[in-house]
Structure formats: structure tokens, C-alpha cells
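> What follows is the file data_15.txt, containing compact mmCIF, C-alpha atoms:
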```
# COMPACT_ATOMS: atom_id res chain seq x y z
CA SER A 1 0.00 0.00 0.00
CA GLY A 2 0.99 3.69 -0.25
CA ASP A 3 1.42 3.93 3.53
CA GLY A 4 3.84 1.00 3.54
CA GLU A 5 5.97 2.60 0.85
CA GLY A 6 6.09 5.82 2.87
CA GLU A 7 7.29 3.90 5.91
CA ASP A 8 9.99 2.16 3.84
CA ASP A 9 11.19 5.50 2.52
CA GLY A 10 11.28 6.88 6.03
CA ASP A 11 13.27 3.90 7.25
CA LYS A 12 15.76 4.34 4.43
CA SER A 13 16.14 8.07 5.18
CA ALA A 14 16.67 7.36 8.87
CA ALA A 15 19.22 4.66 8.06
CA ALA A 16 21.09 6.99 5.71
CA ALA A 17 21.07 9.77 8.30
CA GLY A 18 22.34 7.34 10.93
CA LYS A 19 25.09 6.19 8.61
CA ARG A 20 26.13 9.80 7.99
CA LEU A 21 26.25 10.46 11.71
CA ILE A 22 28.43 7.40 12.30
CA MET A 23 30.77 8.40 9.46
CA GLY A 24 30.86 11.98 10.75
CA ALA A 25 31.65 10.79 14.27
CA ALA A 26 34.43 8.56 12.91
CA ALA A 27 35.90 11.47 10.97
CA VAL A 28 35.81 13.67 14.08
CA LYS A 29 37.44 10.86 16.10
CA ASP A 30 40.20 10.51 13.48
CA GLU A 31 40.70 14.27 13.45
CA LEU A 32 40.92 14.45 17.25
CA GLU A 33 43.33 11.52 17.41
CA SER A 34 45.42 13.07 14.67
CA ARG A 35 45.44 16.41 16.48
CA SER A 36 46.22 14.87 19.84
CA GLY A 37 49.09 12.97 18.20
CA TYR A 38 50.32 16.25 16.73
CA VAL A 39 50.03 18.02 20.10
CA ARG A 40 51.89 15.16 21.81
CA GLN A 41 54.65 15.44 19.20
CA ILE A 42 54.94 19.23 19.77
CA ASN A 43 55.08 18.79 23.56
CA THR A 44 57.66 16.00 23.23
CA GLU A 45 59.86 18.23 21.08
CA ARG A 46 59.52 21.12 23.53
CA ASP A 47 60.95 18.86 26.21
CA LYS A 48 63.53 17.12 24.05
CA PHE A 49 64.90 20.23 22.32
CA GLY A 50 64.28 22.73 25.14
CA PRO A 51 67.97 23.20 26.03
CA MET A 52 68.89 23.61 22.33
CA ILE A 53 66.14 26.20 21.81
CA LEU A 54 67.14 28.21 24.89
CA ASP A 55 70.78 28.13 23.77
CA LEU A 56 69.80 29.26 20.25
CA ALA A 57 67.65 32.07 21.69
CA ARG A 58 70.64 33.41 23.60
CA GLN A 59 72.97 33.11 20.58
CA ILE A 60 70.53 34.86 18.22
CA ALA A 61 69.95 37.69 20.69
CA ASP A 62 73.71 38.18 21.30
CA PHE A 63 74.94 37.66 17.73
CA LYS A 64 76.84 40.61 16.26
CA ALA A 65 77.87 40.88 12.61
CA SER A 66 79.19 43.60 10.37
CA ARG A 67 78.79 41.70 7.09
CA ILE A 68 75.95 39.75 5.51
CA GLU A 69 78.28 36.77 4.92
CA HIS A 70 78.62 36.35 8.69
CA ILE A 71 74.84 36.43 9.09
CA GLN A 72 74.39 33.82 6.34
CA ALA A 73 76.91 31.46 7.95
CA PHE A 74 75.28 31.93 11.37
CA LEU A 75 71.78 31.46 9.91
CA ALA A 76 72.79 28.22 8.19
CA GLU A 77 73.64 26.73 11.59
CA VAL A 78 70.44 28.11 13.19
CA GLU A 79 68.29 26.67 10.37
CA ARG A 80 70.09 23.31 10.62
CA ARG A 81 69.10 23.05 14.26
CA LEU A 82 65.55 24.36 13.85
CA ALA A 83 65.00 21.83 11.03
CA LYS A 84 64.83 19.17 13.77
CA LEU A 85 61.46 20.58 14.85
CA THR A 86 58.27 19.26 13.24
CA ASP A 87 56.59 22.69 13.38
CA GLU A 88 58.98 25.49 14.33
CA ARG A 89 56.28 28.11 15.07
CA MET A 90 54.20 25.82 17.27
CA VAL A 91 57.14 24.43 19.25
CA LEU A 92 58.46 27.93 19.94
CA LYS A 93 55.05 29.09 21.22
CA GLY A 94 55.61 26.98 24.32
CA GLU A 95 55.53 28.92 27.61
CA ARG A 96 59.22 28.21 28.28
CA PHE A 97 60.28 29.91 25.04
CA ALA A 98 57.63 32.47 24.04
CA ALA A 99 59.04 35.34 26.13
CA LEU A 100 62.68 34.51 25.40
CA TRP A 101 62.66 33.61 21.70
CA PRO A 102 64.00 36.58 19.63
CA GLU A 103 61.55 36.06 16.76
CA ARG A 104 61.83 39.56 15.27
CA ARG A 105 65.62 39.43 15.24
CA LEU A 106 65.66 36.04 13.54
CA ASP A 107 63.06 37.26 11.01
CA ALA A 108 65.24 40.32 10.30
CA MET A 109 68.30 38.12 9.73
CA ARG A 110 66.31 35.89 7.40
CA GLU A 111 64.98 38.91 5.51
CA ALA A 112 68.48 40.39 5.06
CA ALA A 113 69.92 37.06 3.87
CA ALA A 114 67.05 36.49 1.42
CA LEU A 115 67.32 40.05 0.07
CA ASP A 116 71.06 39.67 -0.43
CA ARG A 117 70.51 36.42 -2.38
CA GLU A 118 67.79 38.07 -4.47
CA LEU A 119 69.89 41.10 -5.44
CA ARG A 120 72.96 38.98 -6.22
CA ALA A 121 70.84 36.74 -8.44
CA LEU A 122 69.59 39.84 -10.32
CA LEU A 123 73.20 40.97 -10.77
CA GLN A 124 74.27 37.59 -12.14
CA SER A 125 71.25 37.38 -14.45
CA MET A 126 72.49 40.47 -16.36
CA ASP A 127 76.07 39.29 -16.84
CA PRO A 128 76.60 37.98 -20.42
CA GLU A 129 79.81 36.33 -19.21
CA GLY A 130 78.14 34.67 -16.22
CA PRO A 131 76.71 31.15 -15.71
CA ALA A 132 73.09 32.40 -15.84
CA TRP A 133 73.53 33.51 -19.47
CA THR A 134 73.18 31.26 -22.53
CA PRO A 135 74.26 33.13 -25.69
CA LYS A 136 71.91 32.92 -28.68
CA SER A 137 73.02 31.95 -32.16
CA ASN A 138 72.15 35.28 -33.82
CA VAL A 139 72.20 38.96 -32.83
CA LYS A 140 68.43 39.40 -33.16
CA ASP A 141 67.68 36.67 -30.59
CA GLU A 142 70.56 37.81 -28.39
CA LEU A 143 69.14 41.36 -28.35
CA LEU A 144 65.74 39.91 -27.41
CA GLN A 145 67.40 38.06 -24.53
CA VAL A 146 69.18 41.24 -23.36
CA VAL A 147 65.89 43.17 -23.31
CA GLU A 148 64.05 40.34 -21.53
CA LYS A 149 66.71 40.11 -18.83
CA PHE A 150 66.42 43.84 -18.15
CA ASP A 151 62.60 43.68 -18.20
CA VAL A 152 62.73 41.09 -15.41
CA VAL A 153 65.25 43.02 -13.32
CA ARG A 154 63.91 46.57 -13.57
CA PRO A 155 60.54 46.17 -11.74
CA GLN A 156 62.24 44.22 -8.96
CA VAL A 157 64.89 46.91 -8.52
CA ASP A 158 62.21 49.64 -8.59
CA ALA A 159 60.20 47.77 -5.93
CA ARG A 160 63.26 47.24 -3.72
CA THR A 161 64.26 50.88 -4.07
CA ARG A 162 60.76 51.97 -2.97
CA SER A 163 60.76 49.64 0.06
CA LYS A 164 64.38 50.32 1.03
CA ASP A 165 63.65 52.76 3.89
CA GLU A 166 60.98 50.53 5.40
CA VAL A 167 63.23 47.45 5.25
CA GLN A 168 66.16 49.41 6.67
CA ARG A 169 64.05 50.48 9.67
CA ARG A 170 63.22 46.82 10.43
CA LEU A 171 66.85 45.77 10.12
CA ASP A 172 68.11 48.72 12.18
CA ALA A 173 65.64 47.90 14.95
CA GLU A 174 67.28 44.46 15.28
CA LYS A 175 70.86 45.68 14.57
CA VAL A 176 71.12 43.61 11.38
CA PRO A 177 73.49 45.11 8.77
CA PHE A 178 72.76 45.23 5.04
CA ASP A 179 74.81 46.39 2.05
CA TRP A 180 72.52 48.43 -0.20
CA SER A 181 75.36 49.12 -2.63
CA LEU A 182 74.12 45.99 -4.44
CA LEU A 183 71.33 48.16 -5.88
CA ASP A 184 73.95 50.59 -7.25
CA LYS A 185 75.90 47.67 -8.72
CA ILE A 186 72.78 46.46 -10.54
CA VAL A 187 72.40 49.93 -12.10
CA LEU A 188 76.06 49.83 -13.21
CA VAL A 189 75.63 46.34 -14.65
CA SER A 190 72.57 47.52 -16.59
CA VAL A 191 74.79 50.14 -18.28
CA GLY A 192 77.14 47.28 -19.13
CA LEU A 193 74.18 45.48 -20.68
CA ALA A 194 73.48 48.47 -22.95
CA LYS A 195 77.17 48.57 -23.88
CA TYR A 196 77.13 44.84 -24.66
CA ALA A 197 74.03 45.16 -26.87
CA MET A 198 75.30 48.17 -28.81
CA ALA A 199 78.82 46.75 -29.33
CA MET A 200 77.33 43.46 -30.53
CA MET A 201 75.00 45.18 -32.97
CA LEU A 202 77.66 47.58 -34.30
CA SER A 203 80.01 44.65 -34.89
CA ALA A 204 77.30 42.76 -36.80
CA TYR A 205 76.50 45.89 -38.83
CA GLU A 206 80.16 46.50 -39.73
CA ASP A 207 80.57 42.86 -40.85
CA LEU A 208 77.49 43.14 -43.06
CA ALA A 209 78.53 46.55 -44.42
CA GLN A 210 81.80 45.04 -45.64
CA GLN A 211 79.77 42.52 -47.64
CA VAL A 212 76.87 44.60 -49.00
CA GLY A 213 77.91 48.20 -48.49
CA PRO A 214 75.27 50.87 -47.74
CA ALA A 215 72.46 48.31 -48.05
CA ALA A 216 73.47 47.04 -44.57
CA VAL A 217 71.59 49.94 -42.96
CA THR A 218 68.33 48.98 -44.66
CA ARG A 219 68.74 45.29 -43.86
CA MET A 220 69.54 45.91 -40.19
CA GLU A 221 67.49 49.05 -39.59
CA SER A 222 64.87 47.35 -37.39
CA VAL A 223 67.32 45.69 -34.96
CA LEU A 224 69.55 48.77 -34.87
CA GLU A 225 66.56 50.92 -33.88
CA LYS A 226 65.50 48.40 -31.21
CA THR A 227 69.04 48.45 -29.80
CA LEU A 228 69.04 52.24 -29.71
CA ARG A 229 65.64 52.36 -27.96
CA PHE A 230 66.81 49.78 -25.43
CA ALA A 231 70.00 51.76 -24.73
CA PHE A 232 67.90 54.89 -24.17
CA ARG A 233 65.75 53.02 -21.62
CA ILE A 234 68.91 52.01 -19.77
CA HIS A 235 70.12 55.63 -19.89
CA GLN A 236 66.89 56.74 -18.16
CA PHE A 237 67.07 53.91 -15.62
CA ALA A 238 70.74 54.51 -14.74
CA GLY A 239 70.62 58.30 -14.95
CA GLY A 240 73.41 58.47 -17.52
CA PHE A 241 76.20 56.62 -19.34
CA ASP A 242 79.96 56.40 -18.96
CA GLN A 243 82.10 57.74 -21.81
CA GLU A 244 82.52 54.44 -23.65
CA THR A 245 78.77 53.71 -23.63
CA THR A 246 78.02 57.28 -24.73
CA GLU A 247 80.39 56.88 -27.69
CA LEU A 248 78.71 53.62 -28.74
CA PHE A 249 75.29 55.29 -28.48
CA THR A 250 76.45 58.24 -30.62
CA LYS A 251 77.95 55.91 -33.23
CA LEU A 252 74.81 53.78 -33.44
CA ASN A 253 72.62 56.85 -33.68
CA SER A 254 74.76 58.32 -36.49
CA ILE A 255 74.31 55.14 -38.56
CA LEU A 256 70.53 55.43 -38.31
CA SER A 257 70.47 59.23 -38.64
CA PRO A 258 73.54 60.23 -40.68
CA PRO A 259 74.34 63.95 -40.56
CA GLU A 260 73.21 65.74 -43.68
CA SER A 261 76.11 66.78 -45.87
CA GLU A 262 76.76 70.48 -46.21
CA PRO A 263 75.68 71.87 -49.58
CA THR A 264 78.69 72.85 -51.65
CA ALA A 265 79.04 76.49 -52.62
CA ALA A 266 78.40 77.26 -56.26
```
Any chance you could put this one into C-alpha cells?

Amino acid sequence: SGDGEGEDDGDKSAAAAGKRLIMGAAAVKDELESRSGYVRQINTERDKFGPMILDLARQIADFKASRIEHIQAFLAEVERRLAKLTDERMVLKGERFAALWPERRLDAMREAAALDRELRALLQSMDPEGPAWTPKSNVKDELLQVVEKFDVVRPQVDARTRSKDEVQRRLDAEKVPFDWSLLDKIVLVSVGLAKYAMAMMLSAYEDLAQQVGPAAVTRMESVLEKTLRFAFRIHQFAGGFDQETTELFTKLNSILSPPESEPTAA
């Protein structure tokens, strides 16, 4: 009958709901056991590594360095020891350590070391003689690579320049030194990149001119113009050129815009 079917449906719904409750309870039980296991592990590590943590806290607070290399060497040893902890943040929140652990100072050291690595990587990325550079087989592709390298570096340098004062305040507060001259070196290396691109393109142009004469300008006009525009971008970024780079720029510009010859007097 219809009533019987309704009762069967109700029984099935109740059974399904009961099954969901049992599964939910099992999931909660697994979660609690997992969490309690995690908490036991954290508490065990607080006891086991307590002396090491207290010793590290004292060393970090007392550490004095005048150069970033010293900080990096010191940090390597700190990180090696802290790697023994399952969850560094949670272990260090223990009552024994919370008031003593010099978290801001360690964070400042880590920030300085990471920033140094970042700026040095940017420097190396713009060195055509360095390991991060794979020369291309033709000048057009090599120019494209030069421009791409600079396009990656420039926004990062701009961002670091803008945040410099804020970062310096954090580092000063924890007496952590940093050598900002790396930013100036990147600017100098960018000028070297313009020099490299222009010298490469002028050499290619002169080789072609020996073969085809004045037609070389027409055949290379596009890449010569791109090189000149790129060099001008570097000039704006760096705030100027040295004498050698200025001479290359003038020479390249004169090929594309030769001075008009003076009319001869009748």
C-alpha cells in the first residue's frame, strides 16, 4: 500500500542519516586523534629540544655581525638546528620559550639574507659572461634576450628601491646590517648590458657593411633601432652613461640618422 511505501522510505532516510552520523563521528574521532598525536609530538619536542632552543635564543639575541656573509653562515647553523622541529612556530610558542625567543631578530636576519641572495641573483642574471647567461646563435635573438633580462630586473629593482627605507628600519631595529650598494651595482651592470648590446650590434653591422655596403643599414634598420631604444631606456634607468657607452650610443645613432652633408658652394 501507499502507507507501507512511505514507511519504507522513512526507514531508508533514517538509516542513511544514521550512517552519515556514524561516518561523521568517525571522521571527528580521526581528526581528534590526529590532532592529539600532533600536540603530543609538539610537547615531546619542547621537552627534548628545550635546552637547544634556549641556547639558540641566547645566541641569536647576542649575535653581532658587520657583514651579511657572517649572518648567512650563522643562519645556516640556526636553520640546521631548527629543522629538527616538526613545526617550528608551534614548538616555539611553548611557555618556556615564548618570552625569550628573539623572533623579530631572527626574522630580520632571514629577511636580510634572502634580500642579499635576491639582489645577487639579479646581478648575475644580467652578466653575459656569467653562468646564468646562454648566448643565442644570432644577434636578433641575443638582443631579445638582453631586453628580456632587463625587463625582469627593472621592476624588482624599482620595488626594492621603494621599500628600502621601510626594510632598513626593520633591520636597524634588530641591529642587522645590510649592504645596499648591491642596488647601485645592478644599475652599473645595466649600463654594461646596454654597452654589450650596442657593441654586438655595431660589430654585426660592420661585418654586413663590408659585404653589401650601404644596403646594410636597410637590412639591419629594425634591430639597430631596437638596440638604440633599449639603450635609451637604460640611460633613463641609470641616470646616464659612462664615456665608452656614450660613444657607442652616438655611433649607433649616427648610422641610423647620418648627418646631412653640407651643400657645396656654387
> Give one line per residue of segment 144-168 of chain A that approaches segment 117-123 of chain A to at most 12 Å, naming the two atoms of the closest pair and their distance in Å to one decimal, counting all atoms listed in the file; sort by chain then ascending residue number and deliver it as CSV.

```
residue,atom,partner,partner_atom,distance
A:Lys149,CA,A:Leu122,CA,9.0
A:Phe150,CA,A:Leu122,CA,9.3
A:Asp151,CA,A:Leu122,CA,11.2
A:Val152,CA,A:Leu122,CA,8.6
A:Val153,CA,A:Leu122,CA,6.2
A:Arg154,CA,A:Leu122,CA,9.4
A:Pro155,CA,A:Leu122,CA,11.1
A:Gln156,CA,A:Leu122,CA,8.7
A:Val157,CA,A:Leu119,CA,8.3
A:Asp158,CA,A:Leu119,CA,11.9
A:Ala159,CA,A:Leu119,CA,11.8
A:Arg160,CA,A:Leu119,CA,9.2
A:Thr161,CA,A:Leu119,CA,11.4
```
> Give me, as an mmCIF file with C-alpha atoms, in the frame of the given file, all polymer residues having an atom no more than 8 Å from segment 210-224 of chain A, counting all atoms listed in the file and skipping those fewer than 3 positions away in the same chain.

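Result saved to selection21.cif:
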```cif
data_model
loop_
_atom_site.group_PDB
_atom_site.id
_atom_site.type_symbol
_atom_site.label_atom_id
_atom_site.label_comp_id
_atom_site.auth_asym_id
_atom_site.auth_seq_id
_atom_site.Cartn_x
_atom_site.Cartn_y
_atom_site.Cartn_z
ATOM 1 C CA LYS A 140 68.430 39.400 -33.160
ATOM 2 C CA MET A 201 75.000 45.180 -32.970
ATOM 3 C CA TYR A 205 76.500 45.890 -38.830
ATOM 4 C CA GLU A 206 80.160 46.500 -39.730
ATOM 5 C CA ASP A 207 80.570 42.860 -40.850
ATOM 6 C CA THR A 227 69.040 48.450 -29.800
ATOM 7 C CA LEU A 228 69.040 52.240 -29.710
ATOM 8 C CA LEU A 252 74.810 53.780 -33.440
ATOM 9 C CA ILE A 255 74.310 55.140 -38.560
ATOM 10 C CA LEU A 256 70.530 55.430 -38.310
#
```
> What is the distance, in Å and to one decimal place, between atom CA of Leu106 of chain A and atom CA of Ser66 of chain A?
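About the pair atom CA of Leu106 of chain A and atom CA of Ser66 of chain A: they are 15.8 Å apart.
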> Using all atoms listed in the file for the distances, tell me which of A:Lys175, A:Lys84, A:Arg58, A:Arg96 is nearest to Met109 of chain A.
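For Met109 of chain A, the nearest of the given residues is A:Lys175.
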> Between atom CA of Thr245 of chain A and atom CA of Val191 of chain A, measure the distance and give it in Å to one decimal.
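Computing the Euclidean distance for atom CA of Thr245 of chain A and atom CA of Val191 of chain A yields 7.6 Å.
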> Please measure the separation of atom CA of Ala238 of chain A and atom CA of Ser190 of chain A, giving the value in Å to one decimal.
7.5 Å
> Looking at all atoms listed in the file, which of A:Ile68, A:Ile22, A:Ile234, A:Met52 is the one that sits closest to Met198 of chain A?
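Result for the nearest residue to Met198 of chain A: A:Ile234.
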> With 5 Å on each side, where is the centre of the axis-aligned box around all listed atoms of segment 215-218 of chain A, and how long are its edges in Å to one decimal, as AutoDock Vina command-line options?

```
--center_x 70.9 --center_y 48.5 --center_z -45.5 --size_x 15.1 --size_y 12.9 --size_z 15.1
```
> Give me segment 241-252 of chain A with all heavy atoms filled in, as a PDB file, in the coordinates of the input.

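Wrote it out as out-v5.pdb, contents follow:
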```pdb
ATOM      1  N   PHE A 241      75.263  57.610 -18.823  1.00  0.00           N
ATOM      2  CA  PHE A 241      76.200  56.620 -19.340  1.00  0.00           C
ATOM      3  C   PHE A 241      77.626  57.029 -19.001  1.00  0.00           C
ATOM      4  O   PHE A 241      77.902  58.211 -18.789  1.00  0.00           O
ATOM      5  CB  PHE A 241      76.108  56.538 -20.878  1.00  0.00           C
ATOM      6  CG  PHE A 241      74.934  55.754 -21.403  1.00  0.00           C
ATOM      7  CD1 PHE A 241      74.499  55.953 -22.713  1.00  0.00           C
ATOM      8  CD2 PHE A 241      74.287  54.806 -20.630  1.00  0.00           C
ATOM      9  CE1 PHE A 241      73.439  55.234 -23.228  1.00  0.00           C
ATOM     10  CE2 PHE A 241      73.216  54.073 -21.129  1.00  0.00           C
ATOM     11  CZ  PHE A 241      72.795  54.287 -22.437  1.00  0.00           C
ATOM     12  N   ASP A 242      78.532  56.055 -19.019  1.00  0.00           N
ATOM     13  CA  ASP A 242      79.960  56.400 -18.960  1.00  0.00           C
ATOM     14  C   ASP A 242      80.397  56.794 -20.381  1.00  0.00           C
ATOM     15  O   ASP A 242      79.614  56.708 -21.341  1.00  0.00           O
ATOM     16  CB  ASP A 242      80.783  55.238 -18.413  1.00  0.00           C
ATOM     17  CG  ASP A 242      80.608  53.957 -19.224  1.00  0.00           C
ATOM     18  OD1 ASP A 242      80.349  54.028 -20.438  1.00  0.00           O
ATOM     19  OD2 ASP A 242      80.726  52.859 -18.636  1.00  0.00           O
ATOM     20  N   GLN A 243      81.636  57.200 -20.520  1.00  0.00           N
ATOM     21  CA  GLN A 243      82.100  57.740 -21.810  1.00  0.00           C
ATOM     22  C   GLN A 243      82.045  56.695 -22.922  1.00  0.00           C
ATOM     23  O   GLN A 243      81.584  56.992 -24.038  1.00  0.00           O
ATOM     24  CB  GLN A 243      83.546  58.265 -21.671  1.00  0.00           C
ATOM     25  CG  GLN A 243      84.040  58.961 -22.933  1.00  0.00           C
ATOM     26  CD  GLN A 243      85.446  59.520 -22.775  1.00  0.00           C
ATOM     27  OE1 GLN A 243      85.937  59.650 -21.662  1.00  0.00           O
ATOM     28  NE2 GLN A 243      86.087  59.863 -23.887  1.00  0.00           N
ATOM     29  N   GLU A 244      82.482  55.488 -22.622  1.00  0.00           N
ATOM     30  CA  GLU A 244      82.520  54.440 -23.650  1.00  0.00           C
ATOM     31  C   GLU A 244      81.114  54.121 -24.164  1.00  0.00           C
ATOM     32  O   GLU A 244      80.897  53.962 -25.370  1.00  0.00           O
ATOM     33  CB  GLU A 244      83.174  53.182 -23.074  1.00  0.00           C
ATOM     34  CG  GLU A 244      83.399  52.096 -24.108  1.00  0.00           C
ATOM     35  CD  GLU A 244      83.989  50.820 -23.511  1.00  0.00           C
ATOM     36  OE1 GLU A 244      84.389  50.845 -22.323  1.00  0.00           O
ATOM     37  OE2 GLU A 244      84.044  49.811 -24.225  1.00  0.00           O
ATOM     38  N   THR A 245      80.145  54.021 -23.241  1.00  0.00           N
ATOM     39  CA  THR A 245      78.770  53.710 -23.630  1.00  0.00           C
ATOM     40  C   THR A 245      78.160  54.872 -24.413  1.00  0.00           C
ATOM     41  O   THR A 245      77.411  54.667 -25.380  1.00  0.00           O
ATOM     42  CB  THR A 245      77.914  53.378 -22.389  1.00  0.00           C
ATOM     43  OG1 THR A 245      78.634  52.490 -21.545  1.00  0.00           O
ATOM     44  CG2 THR A 245      76.599  52.739 -22.773  1.00  0.00           C
ATOM     45  N   THR A 246      78.491  56.094 -24.010  1.00  0.00           N
ATOM     46  CA  THR A 246      78.020  57.280 -24.730  1.00  0.00           C
ATOM     47  C   THR A 246      78.536  57.279 -26.169  1.00  0.00           C
ATOM     48  O   THR A 246      77.790  57.584 -27.121  1.00  0.00           O
ATOM     49  CB  THR A 246      78.479  58.574 -24.017  1.00  0.00           C
ATOM     50  OG1 THR A 246      77.966  58.571 -22.683  1.00  0.00           O
ATOM     51  CG2 THR A 246      77.988  59.817 -24.745  1.00  0.00           C
ATOM     52  N   GLU A 247      79.805  56.917 -26.346  1.00  0.00           N
ATOM     53  CA  GLU A 247      80.390  56.880 -27.690  1.00  0.00           C
ATOM     54  C   GLU A 247      79.710  55.829 -28.571  1.00  0.00           C
ATOM     55  O   GLU A 247      79.451  56.066 -29.765  1.00  0.00           O
ATOM     56  CB  GLU A 247      81.899  56.602 -27.595  1.00  0.00           C
ATOM     57  CG  GLU A 247      82.691  57.807 -27.083  1.00  0.00           C
ATOM     58  CD  GLU A 247      84.136  57.471 -26.739  1.00  0.00           C
ATOM     59  OE1 GLU A 247      84.535  56.289 -26.918  1.00  0.00           O
ATOM     60  OE2 GLU A 247      84.862  58.373 -26.268  1.00  0.00           O
ATOM     61  N   LEU A 248      79.410  54.666 -27.993  1.00  0.00           N
ATOM     62  CA  LEU A 248      78.710  53.620 -28.740  1.00  0.00           C
ATOM     63  C   LEU A 248      77.308  54.091 -29.139  1.00  0.00           C
ATOM     64  O   LEU A 248      76.855  53.852 -30.264  1.00  0.00           O
ATOM     65  CB  LEU A 248      78.600  52.342 -27.884  1.00  0.00           C
ATOM     66  CG  LEU A 248      79.881  51.544 -27.683  1.00  0.00           C
ATOM     67  CD1 LEU A 248      79.678  50.479 -26.603  1.00  0.00           C
ATOM     68  CD2 LEU A 248      80.338  50.884 -28.984  1.00  0.00           C
ATOM     69  N   PHE A 249      76.633  54.774 -28.210  1.00  0.00           N
ATOM     70  CA  PHE A 249      75.290  55.290 -28.480  1.00  0.00           C
ATOM     71  C   PHE A 249      75.327  56.302 -29.629  1.00  0.00           C
ATOM     72  O   PHE A 249      74.496  56.266 -30.549  1.00  0.00           O
ATOM     73  CB  PHE A 249      74.719  55.939 -27.209  1.00  0.00           C
ATOM     74  CG  PHE A 249      73.278  56.346 -27.315  1.00  0.00           C
ATOM     75  CD1 PHE A 249      72.256  55.457 -27.016  1.00  0.00           C
ATOM     76  CD2 PHE A 249      72.929  57.629 -27.722  1.00  0.00           C
ATOM     77  CE1 PHE A 249      70.926  55.830 -27.115  1.00  0.00           C
ATOM     78  CE2 PHE A 249      71.606  58.014 -27.824  1.00  0.00           C
ATOM     79  CZ  PHE A 249      70.594  57.108 -27.520  1.00  0.00           C
ATOM     80  N   THR A 250      76.297  57.210 -29.585  1.00  0.00           N
ATOM     81  CA  THR A 250      76.450  58.240 -30.620  1.00  0.00           C
ATOM     82  C   THR A 250      76.733  57.605 -31.980  1.00  0.00           C
ATOM     83  O   THR A 250      76.156  58.003 -33.009  1.00  0.00           O
ATOM     84  CB  THR A 250      77.590  59.210 -30.248  1.00  0.00           C
ATOM     85  OG1 THR A 250      77.319  59.764 -28.963  1.00  0.00           O
ATOM     86  CG2 THR A 250      77.718  60.339 -31.262  1.00  0.00           C
ATOM     87  N   LYS A 251      77.583  56.593 -31.976  1.00  0.00           N
ATOM     88  CA  LYS A 251      77.950  55.910 -33.230  1.00  0.00           C
ATOM     89  C   LYS A 251      76.742  55.194 -33.828  1.00  0.00           C
ATOM     90  O   LYS A 251      76.484  55.270 -35.037  1.00  0.00           O
ATOM     91  CB  LYS A 251      79.079  54.913 -32.951  1.00  0.00           C
ATOM     92  CG  LYS A 251      79.692  54.303 -34.196  1.00  0.00           C
ATOM     93  CD  LYS A 251      80.909  53.475 -33.818  1.00  0.00           C
ATOM     94  CE  LYS A 251      81.571  52.883 -35.066  1.00  0.00           C
ATOM     95  NZ  LYS A 251      82.751  52.052 -34.696  1.00  0.00           N
ATOM     96  N   LEU A 252      76.001  54.501 -32.976  1.00  0.00           N
ATOM     97  CA  LEU A 252      74.810  53.780 -33.440  1.00  0.00           C
ATOM     98  C   LEU A 252      73.765  54.746 -33.982  1.00  0.00           C
ATOM     99  O   LEU A 252      73.153  54.516 -35.027  1.00  0.00           O
ATOM    100  CB  LEU A 252      74.233  52.951 -32.277  1.00  0.00           C
ATOM    101  CG  LEU A 252      73.092  51.981 -32.570  1.00  0.00           C
ATOM    102  CD1 LEU A 252      73.509  50.941 -33.597  1.00  0.00           C
ATOM    103  CD2 LEU A 252      72.638  51.291 -31.288  1.00  0.00           C
TER     104      LEU A 252
END
```
